[in-house]
Amino acid sequence: MKKFLAVVLSICLLAGSLVALSACSSGKSAGGSVKKIGIVQIVEHPSLNTIRESFIEQLEKNGFKDGENITIDYQNAQNDQTNLKTITKKFVSNKYDLIVAIATPSAQAAAGETKDIPVLFSAVTDPVSAELVESLEKPGGNVTGTSDVVSATKIMELAMRITPDIKTIGALYNSSEINSISVIDELKDYAQNNGLTVVEATVTSSSEVQQAVQSLVGKCDAIFSPIDNTIASAMPVVAQVANKAKIPVYVGADSMVKDGGLATYGINYPALGRETADMAAEILRGKNPGDMPVRTITEVDIYINKATAEEIGITIPEDVLSEAAEIFGE
Amino acid sequence: MTLASLIAIIQGSVEMGIIYAIMTLGVFLSFRTLNMPDMTVDGSFVLGAAISAVLCTNGYPVLGLIIAFFVGCGAGSITALLHTKLKIQPLLAGILMMLALYSINIKVMGNKSNIPLNNKPTIFTPFEETAVADYIYIILGFAILLGILALLFLFLRTRLGFVLRATGDNENMVRALGVNTDITKLIGLALANGLTALSGAIIAQYQSFADVGMGIGMVTIGLASVIIGEMIFGTRSLLHRLTAVVLGAVTYRLVIAFALELGMPATDLKLISAIIVAAALSIPAVRNHINFTQKRIAAAKRNKGV
């Protein structure tokens, strides 16, 4: 009797699972045309948010609308690296068709999680050092995207237009951010070629920034800080200390100018988002990411903080002002 | 180094030292008087900063400090309850609370990890146009610190304060006297984290930002400051000890400022803090060992003599 019951039960189970399985596969074939896109972003940050918003907008213009022929699952890691792992794991195990990773840590997490699903990054300054791609021209694997590199040279050229008497530059950055290090290396090259000196002040967390800036006072004529998440977070206190000492601060992102830095050549983030969306559309139509070169943005804008300029007693040349995309603190 | 930059460095360090001293007093309460290393501090510091930043954004800087203090007390109470009622080891209870606070802090900041406070009203804003503008951080910070120091001194001299200090020295004795040590621990940890949160709240307004990562390593900084203070300024009376804690916090900042000035990389700071704390905590053990060896040598000599 027991044996009979067991047989009946197993048959029922088998039949049940078969039905479930067929339901699953039919669901899959029906949803085949709807592509699933996962967006992972490291932290809530004005520039990164702009990229994401203009990405979604441009994707729609390319014929991919959220809720119609694609679904977009947006996740934010709230600046916690362990969250990135959880998010990208979820994207991979749910077999998404495309992962869009905003900023370097997100891209590294996504690339580490899958070798098959296309990963499209944005706002990665140096994808080669971050080991995301083999080379900018031919990425090779399943990863490609857009870089937000604004060369240190370009920012220093702007610095020289505004304050031509600079002899010593204080480099302020988080020594554990790979993006920052590659920009600082370029700054050192520029300095060497132009007879300037670089003094460094590095930090590891936002609580150390104030004293690091203080240590640069009296040692340099200008401070340079790349697009560095830690310095960007503590930008108000950087400006507070530097402005008091009347030292101009040249930075790597427009948001850092808004928070008190003097000037930058900033990436035009909406343009970066749109470029990323165009690449996404190509991938969704079947192109292989490994064959698509990493794109950089040629549209760069000047951002100036006039309140800072007044505080440290610097007059911004008229030609620079007229080129500026945005002037903060007016 | 020019004189002007030397003065600027000292002024900056004293400003930071005074504000961090409030956190250090909290660490002194939990670590020295209750004899409990409380890891909650890393989280409650940011909690205070977050509350303060949110209220500044809405135009209530002073209220931000007050609420930060009381919510910090709440966080400390939860750590105490985890330890006393649920019997979780004190160190682990603190770590758990610190972990929970990470999420809570991001929630408090409206699901953001950073709030800039540029051009927002802070407790320092009303004095910006006055003659003392350059020194307002020191003046106001010192005034707040002095008030707290006085209240803490008076509190620790009350009956409850004595019991609190005794709990850390010998819990069993205090229990034997019929005192509920669970309550003294609760009050102690609540106060400690309230002070820490208040310190974070002032730092946020002083540095014009709150960031979820700004509390990393606060416990070590607090411990290092307490120990530096005790080593240099001594531990004779209660007032002496409290003053030593404050001076320790300022000294710690000065040490770091000069280390950075001499070109030490920031990545080494945490290692050096850890070494200072480890060295200072090992002094009693090393001293005992030396005494013991000396006694043995002396004994061996005596025995030979016989």
# chains A, B, ... in the order shown; residues from 1 in each chain; ligands from 1
>>> closest_atom_pairs(of="chain A", to="chain B", cutoff="7 Å", atoms="only C-alpha atoms", output="Markdown table")
| residue | atom | partner | partner_atom | distance |
| --- | --- | --- | --- | --- |
| A:Glu44 | CA | B:Lys112 | CA | 5.8 |
| A:Gln78 | CA | B:Ser113 | CA | 6.2 |
| A:Asn79 | CA | B:Ser113 | CA | 6.9 |
| A:Thr202 | CA | B:Ala266 | CA | 5.5 |
| A:Val203 | CA | B:Ala266 | CA | 5.1 |
| A:Thr204 | CA | B:Thr267 | CA | 6.1 |
| A:Ser205 | CA | B:Gly213 | CA | 6.6 |
| A:Ser206 | CA | B:Met214 | CA | 5.4 |
| A:Ser207 | CA | B:Met214 | CA | 4.8 |
| A:Gln211 | CA | B:Ala257 | CA | 6.2 |
| A:Ala212 | CA | B:Leu260 | CA | 6.8 |
| A:Gln214 | CA | B:Ile9 | CA | 6.3 |
| A:Ser215 | CA | B:Glu261 | CA | 5.0 |
| A:Val217 | CA | B:Ser5 | CA | 6.5 |
| A:Gly218 | CA | B:Ser5 | CA | 5.7 |
| A:Ser233 | CA | B:Asn114 | CA | 6.4 |
| A:Ala234 | CA | B:Phe209 | CA | 6.5 |
| A:Pro236 | CA | B:Ser208 | CA | 5.6 |
| A:Val237 | CA | B:Gln207 | CA | 4.9 |
| A:Asp259 | CA | B:Asn118 | CA | 6.7 |
>>> write_last_selection(atoms="N, CA and C atoms", output="PDB file, in the first residue's frame")
ATOM      1  N   GLU A  44      24.237  57.333  -5.655  1.00  0.00           N
ATOM      2  CA  GLU A  44      23.426  58.483  -6.084  1.00  0.00           C
ATOM      3  C   GLU A  44      24.353  59.660  -6.262  1.00  0.00           C
ATOM      4  N   GLN A  78      24.288  52.237  -3.424  1.00  0.00           N
ATOM      5  CA  GLN A  78      24.484  53.150  -2.296  1.00  0.00           C
ATOM      6  C   GLN A  78      25.923  53.161  -1.820  1.00  0.00           C
ATOM      7  N   ASN A  79      26.857  53.170  -2.769  1.00  0.00           N
ATOM      8  CA  ASN A  79      28.285  53.262  -2.473  1.00  0.00           C
ATOM      9  C   ASN A  79      28.822  52.105  -1.632  1.00  0.00           C
ATOM     10  N   THR A 202      47.229  62.408  -0.315  1.00  0.00           N
ATOM     11  CA  THR A 202      46.253  61.357  -0.585  1.00  0.00           C
ATOM     12  C   THR A 202      45.380  61.103   0.640  1.00  0.00           C
ATOM     13  N   VAL A 203      44.178  60.593   0.394  1.00  0.00           N
ATOM     14  CA  VAL A 203      43.261  60.266   1.490  1.00  0.00           C
ATOM     15  C   VAL A 203      42.722  58.856   1.254  1.00  0.00           C
ATOM     16  N   THR A 204      42.117  58.283   2.305  1.00  0.00           N
ATOM     17  CA  THR A 204      41.465  56.997   2.124  1.00  0.00           C
ATOM     18  C   THR A 204      39.976  57.076   2.450  1.00  0.00           C
ATOM     19  N   SER A 205      39.554  58.125   3.190  1.00  0.00           N
ATOM     20  CA  SER A 205      38.117  58.260   3.430  1.00  0.00           C
ATOM     21  C   SER A 205      37.773  59.738   3.553  1.00  0.00           C
ATOM     22  N   SER A 206      36.467  60.037   3.479  1.00  0.00           N
ATOM     23  CA  SER A 206      36.056  61.441   3.437  1.00  0.00           C
ATOM     24  C   SER A 206      36.419  62.191   4.714  1.00  0.00           C
ATOM     25  N   SER A 207      36.602  61.461   5.835  1.00  0.00           N
ATOM     26  CA  SER A 207      36.912  62.163   7.084  1.00  0.00           C
ATOM     27  C   SER A 207      38.349  62.681   7.099  1.00  0.00           C
ATOM     28  N   GLN A 211      42.202  67.603   6.612  1.00  0.00           N
ATOM     29  CA  GLN A 211      43.608  67.738   7.012  1.00  0.00           C
ATOM     30  C   GLN A 211      44.548  67.539   5.840  1.00  0.00           C
ATOM     31  N   ALA A 212      44.126  66.731   4.853  1.00  0.00           N
ATOM     32  CA  ALA A 212      44.958  66.544   3.664  1.00  0.00           C
ATOM     33  C   ALA A 212      45.086  67.860   2.892  1.00  0.00           C
ATOM     34  N   GLN A 214      44.668  70.829   4.142  1.00  0.00           N
ATOM     35  CA  GLN A 214      45.442  71.716   5.003  1.00  0.00           C
ATOM     36  C   GLN A 214      46.942  71.493   4.807  1.00  0.00           C
ATOM     37  N   SER A 215      47.330  70.229   4.620  1.00  0.00           N
ATOM     38  CA  SER A 215      48.756  69.925   4.471  1.00  0.00           C
ATOM     39  C   SER A 215      49.313  70.471   3.157  1.00  0.00           C
ATOM     40  N   VAL A 217      48.395  73.455   1.967  1.00  0.00           N
ATOM     41  CA  VAL A 217      48.462  74.918   2.062  1.00  0.00           C
ATOM     42  C   VAL A 217      49.907  75.351   2.305  1.00  0.00           C
ATOM     43  N   GLY A 218      50.357  76.316   1.511  1.00  0.00           N
ATOM     44  CA  GLY A 218      51.727  76.794   1.674  1.00  0.00           C
ATOM     45  C   GLY A 218      52.733  76.002   0.858  1.00  0.00           C
ATOM     46  N   SER A 233      32.860  63.821  -2.637  1.00  0.00           N
ATOM     47  CA  SER A 233      31.958  63.785  -1.477  1.00  0.00           C
ATOM     48  C   SER A 233      32.305  64.864  -0.469  1.00  0.00           C
ATOM     49  N   ALA A 234      33.595  65.178  -0.356  1.00  0.00           N
ATOM     50  CA  ALA A 234      34.035  66.114   0.675  1.00  0.00           C
ATOM     51  C   ALA A 234      34.382  67.476   0.085  1.00  0.00           C
ATOM     52  N   PRO A 236      32.893  70.341  -0.292  1.00  0.00           N
ATOM     53  CA  PRO A 236      32.670  71.591   0.452  1.00  0.00           C
ATOM     54  C   PRO A 236      33.832  71.940   1.378  1.00  0.00           C
ATOM     55  N   VAL A 237      34.402  70.942   2.039  1.00  0.00           N
ATOM     56  CA  VAL A 237      35.472  71.257   2.994  1.00  0.00           C
ATOM     57  C   VAL A 237      36.789  71.531   2.262  1.00  0.00           C
ATOM     58  N   ASP A 259      30.214  72.505  -6.042  1.00  0.00           N
ATOM     59  CA  ASP A 259      30.436  72.432  -4.595  1.00  0.00           C
ATOM     60  C   ASP A 259      31.627  73.267  -4.134  1.00  0.00           C
TER      61      ASP A 259
END
>>> select_by_dssp(residues="range 134-194 of chain A", states="strand (DSSP E or B)", output="count of residues only")
12
>>> closest_residue(among="B:Met39, B:Leu99, B:Leu145, B:Ala150", to="Leu198 in chain B", atoms="only C-alpha atoms")
B:Leu145
>>> atom_distance(atom1="CA of Lys138 in chain A", atom2="CA of Pro293 in chain A")
5.4 Å
>>> residues_around(residues="Tyr269 in chain A", least_positions_apart="2", cutoff="12 Å", atoms="only C-alpha atoms", output="VMD selection string")
chain A and resid 45 to 55 102 122 to 123 146 to 150 253 to 255 265 to 267 271 to 276 296 to 301
>>> write_last_selection(atoms="C-alpha atoms", output="tab-separated table (two decimals), in the first residue's frame")
chain	number	residue	atom	x	y	z
A	45	HIS	CA	25.46	61.23	-7.70
A	46	PRO	CA	24.19	64.12	-9.83
A	47	SER	CA	26.49	63.36	-12.81
A	48	LEU	CA	25.79	59.64	-12.71
A	49	ASN	CA	22.04	60.24	-12.44
A	50	THR	CA	22.19	62.50	-15.50
A	51	ILE	CA	23.93	59.76	-17.48
A	52	ARG	CA	21.25	57.25	-16.52
A	53	GLU	CA	18.34	59.58	-17.31
A	54	SER	CA	19.66	60.65	-20.71
A	55	PHE	CA	20.56	57.02	-21.47
A	102	ILE	CA	27.59	53.18	-14.42
A	122	SER	CA	29.59	54.39	-18.79
A	123	ALA	CA	31.61	56.96	-16.83
A	146	THR	CA	31.89	54.92	-22.96
A	147	SER	CA	34.73	56.57	-21.10
A	148	ASP	CA	34.40	59.89	-19.28
A	149	VAL	CA	38.09	60.67	-19.45
A	150	VAL	CA	38.87	64.36	-19.50
A	253	ALA	CA	33.87	67.12	-12.61
A	254	ASP	CA	31.27	69.86	-12.94
A	255	SER	CA	29.58	68.79	-9.68
A	265	TYR	CA	36.63	71.03	-18.30
A	266	GLY	CA	33.71	68.77	-17.66
A	267	ILE	CA	32.24	65.93	-19.58
A	271	ALA	CA	25.97	63.54	-24.29
A	272	LEU	CA	27.76	60.67	-22.56
A	273	GLY	CA	24.44	59.05	-21.67
A	274	ARG	CA	23.19	59.41	-25.25
A	275	GLU	CA	26.37	57.89	-26.68
A	276	THR	CA	25.99	54.94	-24.29
A	296	THR	CA	35.14	58.81	-25.61
A	297	ILE	CA	33.28	62.07	-25.66
A	298	THR	CA	34.70	65.01	-27.53
A	299	GLU	CA	32.11	67.43	-26.24
A	300	VAL	CA	33.68	69.02	-23.16
A	301	ASP	CA	32.40	72.11	-21.45
>>> closest_residue(among="A:Glu60, A:Glu311, A:Asp228, A:Asp80", to="Ile178 in chain A", atoms="only C-alpha atoms")
A:Asp228
>>> residues_around(residues="Gln41 in chain A", least_positions_apart="4", cutoff="8 Å", atoms="only C-alpha atoms", output="list in words")
Leu48, Tyr74, Gln75, Asn76, Ala77, Ala101, Ile102, Ala103 and Ser106 of chain A
>>> write_last_selection(atoms="C-alpha atoms", output="compact mmCIF listing (two decimals), in the first residue's frame")
# COMPACT_ATOMS: atom_id res chain seq x y z
CA LEU A 48 25.79 59.64 -12.71
CA TYR A 74 17.56 49.98 -12.14
CA GLN A 75 19.56 49.22 -9.00
CA ASN A 76 21.76 51.53 -6.91
CA ALA A 77 24.50 50.12 -4.64
CA ALA A 101 27.13 49.56 -15.45
CA ILE A 102 27.59 53.18 -14.42
CA ALA A 103 31.03 54.09 -12.96
CA SER A 106 29.87 48.78 -11.00
>>> residues_around(residues="Ile123 in chain B", least_positions_apart="4", cutoff="9 Å", atoms="only C-alpha atoms", output="PyMOL selection string")
chain B and resi 56+60-62+127+140+202+205-206
>>> write_last_selection(atoms="C-alpha atoms", output="PDB file, in the first residue's frame")
ATOM      1  CA  CYS B  56      20.199  72.060   8.112  1.00  0.00           C
ATOM      2  CA  TYR B  60      17.023  74.046  11.553  1.00  0.00           C
ATOM      3  CA  PRO B  61      20.744  73.752  12.377  1.00  0.00           C
ATOM      4  CA  VAL B  62      20.414  74.046  16.175  1.00  0.00           C
ATOM      5  CA  PHE B 127      28.490  84.875  12.901  1.00  0.00           C
ATOM      6  CA  LEU B 140      31.508  78.164  19.366  1.00  0.00           C
ATOM      7  CA  ILE B 202      28.774  69.532  14.510  1.00  0.00           C
ATOM      8  CA  GLN B 205      27.958  71.620   9.820  1.00  0.00           C
ATOM      9  CA  TYR B 206      31.630  72.589  10.213  1.00  0.00           C
TER      10      TYR B 206
END
>>> residues_around(residues="range 153-162 of chain A", least_positions_apart="4", cutoff="7 Å", atoms="only C-alpha atoms", output="CSV table (one decimal) with N, CA and C atoms, in the first residue's frame")
chain,number,residue,atom,x,y,z
A,187,LEU,N,48.9,63.9,-15.0
A,187,LEU,CA,49.2,65.2,-14.5
A,187,LEU,C,50.7,65.3,-14.3
A,190,TYR,N,52.4,65.8,-17.6
A,190,TYR,CA,52.2,67.2,-18.0
A,190,TYR,C,53.2,68.1,-17.3
A,250,TYR,N,41.4,73.2,-9.1
A,250,TYR,CA,40.9,72.7,-10.4
A,250,TYR,C,40.5,71.3,-10.2
A,264,THR,N,36.7,73.6,-14.2
A,264,THR,CA,37.0,72.4,-14.8
A,264,THR,C,36.6,72.4,-16.3
A,265,TYR,N,37.2,71.4,-17.0
A,265,TYR,CA,36.6,71.0,-18.3
A,265,TYR,C,35.8,69.8,-18.0
A,316,ILE,N,38.5,85.9,-13.6
A,316,ILE,CA,38.4,84.9,-14.7
A,316,ILE,C,38.5,85.7,-16.0
A,317,PRO,N,39.4,85.4,-17.0
A,317,PRO,CA,39.5,86.1,-18.2
A,317,PRO,C,38.1,86.0,-19.0
>>> residues_around(residues="Asp185 in chain A", least_positions_apart="4", cutoff="12 Å", atoms="only C-alpha atoms", output="list in words")
Asp126, Ser151, Ala152, Thr153, Ala171, Tyr173, Ser175, Ile178, Asn179, Ser180, Ile181, Asp189, Tyr190, Ala191, Gln192, Val198, Glu200 and Pro226 of chain A
>>> write_last_selection(atoms="N, CA and C atoms", output="PDB file, in the first residue's frame")
ATOM      1  N   ASP A 126      39.283  55.041 -17.027  1.00  0.00           N
ATOM      2  CA  ASP A 126      40.355  54.288 -17.651  1.00  0.00           C
ATOM      3  C   ASP A 126      40.017  52.798 -17.705  1.00  0.00           C
ATOM      4  N   SER A 151      41.196  64.669 -20.089  1.00  0.00           N
ATOM      5  CA  SER A 151      42.605  64.542 -19.783  1.00  0.00           C
ATOM      6  C   SER A 151      43.042  65.619 -18.802  1.00  0.00           C
ATOM      7  N   ALA A 152      43.964  65.229 -17.940  1.00  0.00           N
ATOM      8  CA  ALA A 152      44.529  66.164 -16.976  1.00  0.00           C
ATOM      9  C   ALA A 152      45.170  67.325 -17.737  1.00  0.00           C
ATOM     10  N   THR A 153      45.742  66.998 -18.898  1.00  0.00           N
ATOM     11  CA  THR A 153      46.375  68.023 -19.729  1.00  0.00           C
ATOM     12  C   THR A 153      45.382  69.124 -20.065  1.00  0.00           C
ATOM     13  N   ALA A 171      48.382  67.694  -5.804  1.00  0.00           N
ATOM     14  CA  ALA A 171      47.472  66.663  -6.321  1.00  0.00           C
ATOM     15  C   ALA A 171      46.732  66.038  -5.149  1.00  0.00           C
ATOM     16  N   TYR A 173      43.855  63.380  -3.999  1.00  0.00           N
ATOM     17  CA  TYR A 173      43.044  62.262  -4.508  1.00  0.00           C
ATOM     18  C   TYR A 173      43.049  61.090  -3.529  1.00  0.00           C
ATOM     19  N   SER A 175      44.010  57.491  -2.900  1.00  0.00           N
ATOM     20  CA  SER A 175      45.015  56.611  -3.499  1.00  0.00           C
ATOM     21  C   SER A 175      44.482  55.215  -3.793  1.00  0.00           C
ATOM     22  N   ILE A 178      41.349  53.718  -8.638  1.00  0.00           N
ATOM     23  CA  ILE A 178      42.195  53.443  -9.799  1.00  0.00           C
ATOM     24  C   ILE A 178      42.057  54.522 -10.867  1.00  0.00           C
ATOM     25  N   ASN A 179      40.837  55.059 -11.006  1.00  0.00           N
ATOM     26  CA  ASN A 179      40.586  56.150 -11.949  1.00  0.00           C
ATOM     27  C   ASN A 179      41.476  57.341 -11.675  1.00  0.00           C
ATOM     28  N   SER A 180      41.544  57.700 -10.385  1.00  0.00           N
ATOM     29  CA  SER A 180      42.276  58.889  -9.987  1.00  0.00           C
ATOM     30  C   SER A 180      43.752  58.718 -10.293  1.00  0.00           C
ATOM     31  N   ILE A 181      44.277  57.537 -10.015  1.00  0.00           N
ATOM     32  CA  ILE A 181      45.717  57.317 -10.164  1.00  0.00           C
ATOM     33  C   ILE A 181      46.143  57.521 -11.613  1.00  0.00           C
ATOM     34  N   ASP A 189      53.100  63.694 -15.893  1.00  0.00           N
ATOM     35  CA  ASP A 189      53.738  63.814 -17.210  1.00  0.00           C
ATOM     36  C   ASP A 189      53.665  65.255 -17.704  1.00  0.00           C
ATOM     37  N   TYR A 190      52.449  65.813 -17.564  1.00  0.00           N
ATOM     38  CA  TYR A 190      52.238  67.186 -18.023  1.00  0.00           C
ATOM     39  C   TYR A 190      53.178  68.121 -17.277  1.00  0.00           C
ATOM     40  N   ALA A 191      53.263  67.925 -15.943  1.00  0.00           N
ATOM     41  CA  ALA A 191      54.092  68.791 -15.115  1.00  0.00           C
ATOM     42  C   ALA A 191      55.552  68.709 -15.550  1.00  0.00           C
ATOM     43  N   GLN A 192      56.001  67.483 -15.802  1.00  0.00           N
ATOM     44  CA  GLN A 192      57.395  67.287 -16.197  1.00  0.00           C
ATOM     45  C   GLN A 192      57.699  68.009 -17.527  1.00  0.00           C
ATOM     46  N   VAL A 198      54.866  68.666  -8.855  1.00  0.00           N
ATOM     47  CA  VAL A 198      53.633  68.131  -8.270  1.00  0.00           C
ATOM     48  C   VAL A 198      53.923  67.683  -6.843  1.00  0.00           C
ATOM     49  N   GLU A 200      51.935  65.722  -3.599  1.00  0.00           N
ATOM     50  CA  GLU A 200      50.735  64.899  -3.464  1.00  0.00           C
ATOM     51  C   GLU A 200      50.170  64.937  -2.042  1.00  0.00           C
ATOM     52  N   PRO A 226      41.260  64.989  -9.441  1.00  0.00           N
ATOM     53  CA  PRO A 226      40.576  64.326 -10.559  1.00  0.00           C
ATOM     54  C   PRO A 226      39.131  63.972 -10.198  1.00  0.00           C
TER      55      PRO A 226
END
>>> select_by_dssp(residues="range 54-263 of chain A", states="helix (DSSP H, G or I)", output="number ranges by chain")
A: 54-61, 81-93, 104-113, 152-162, 178-193, 206-216, 229-233, 235-244, 254-258
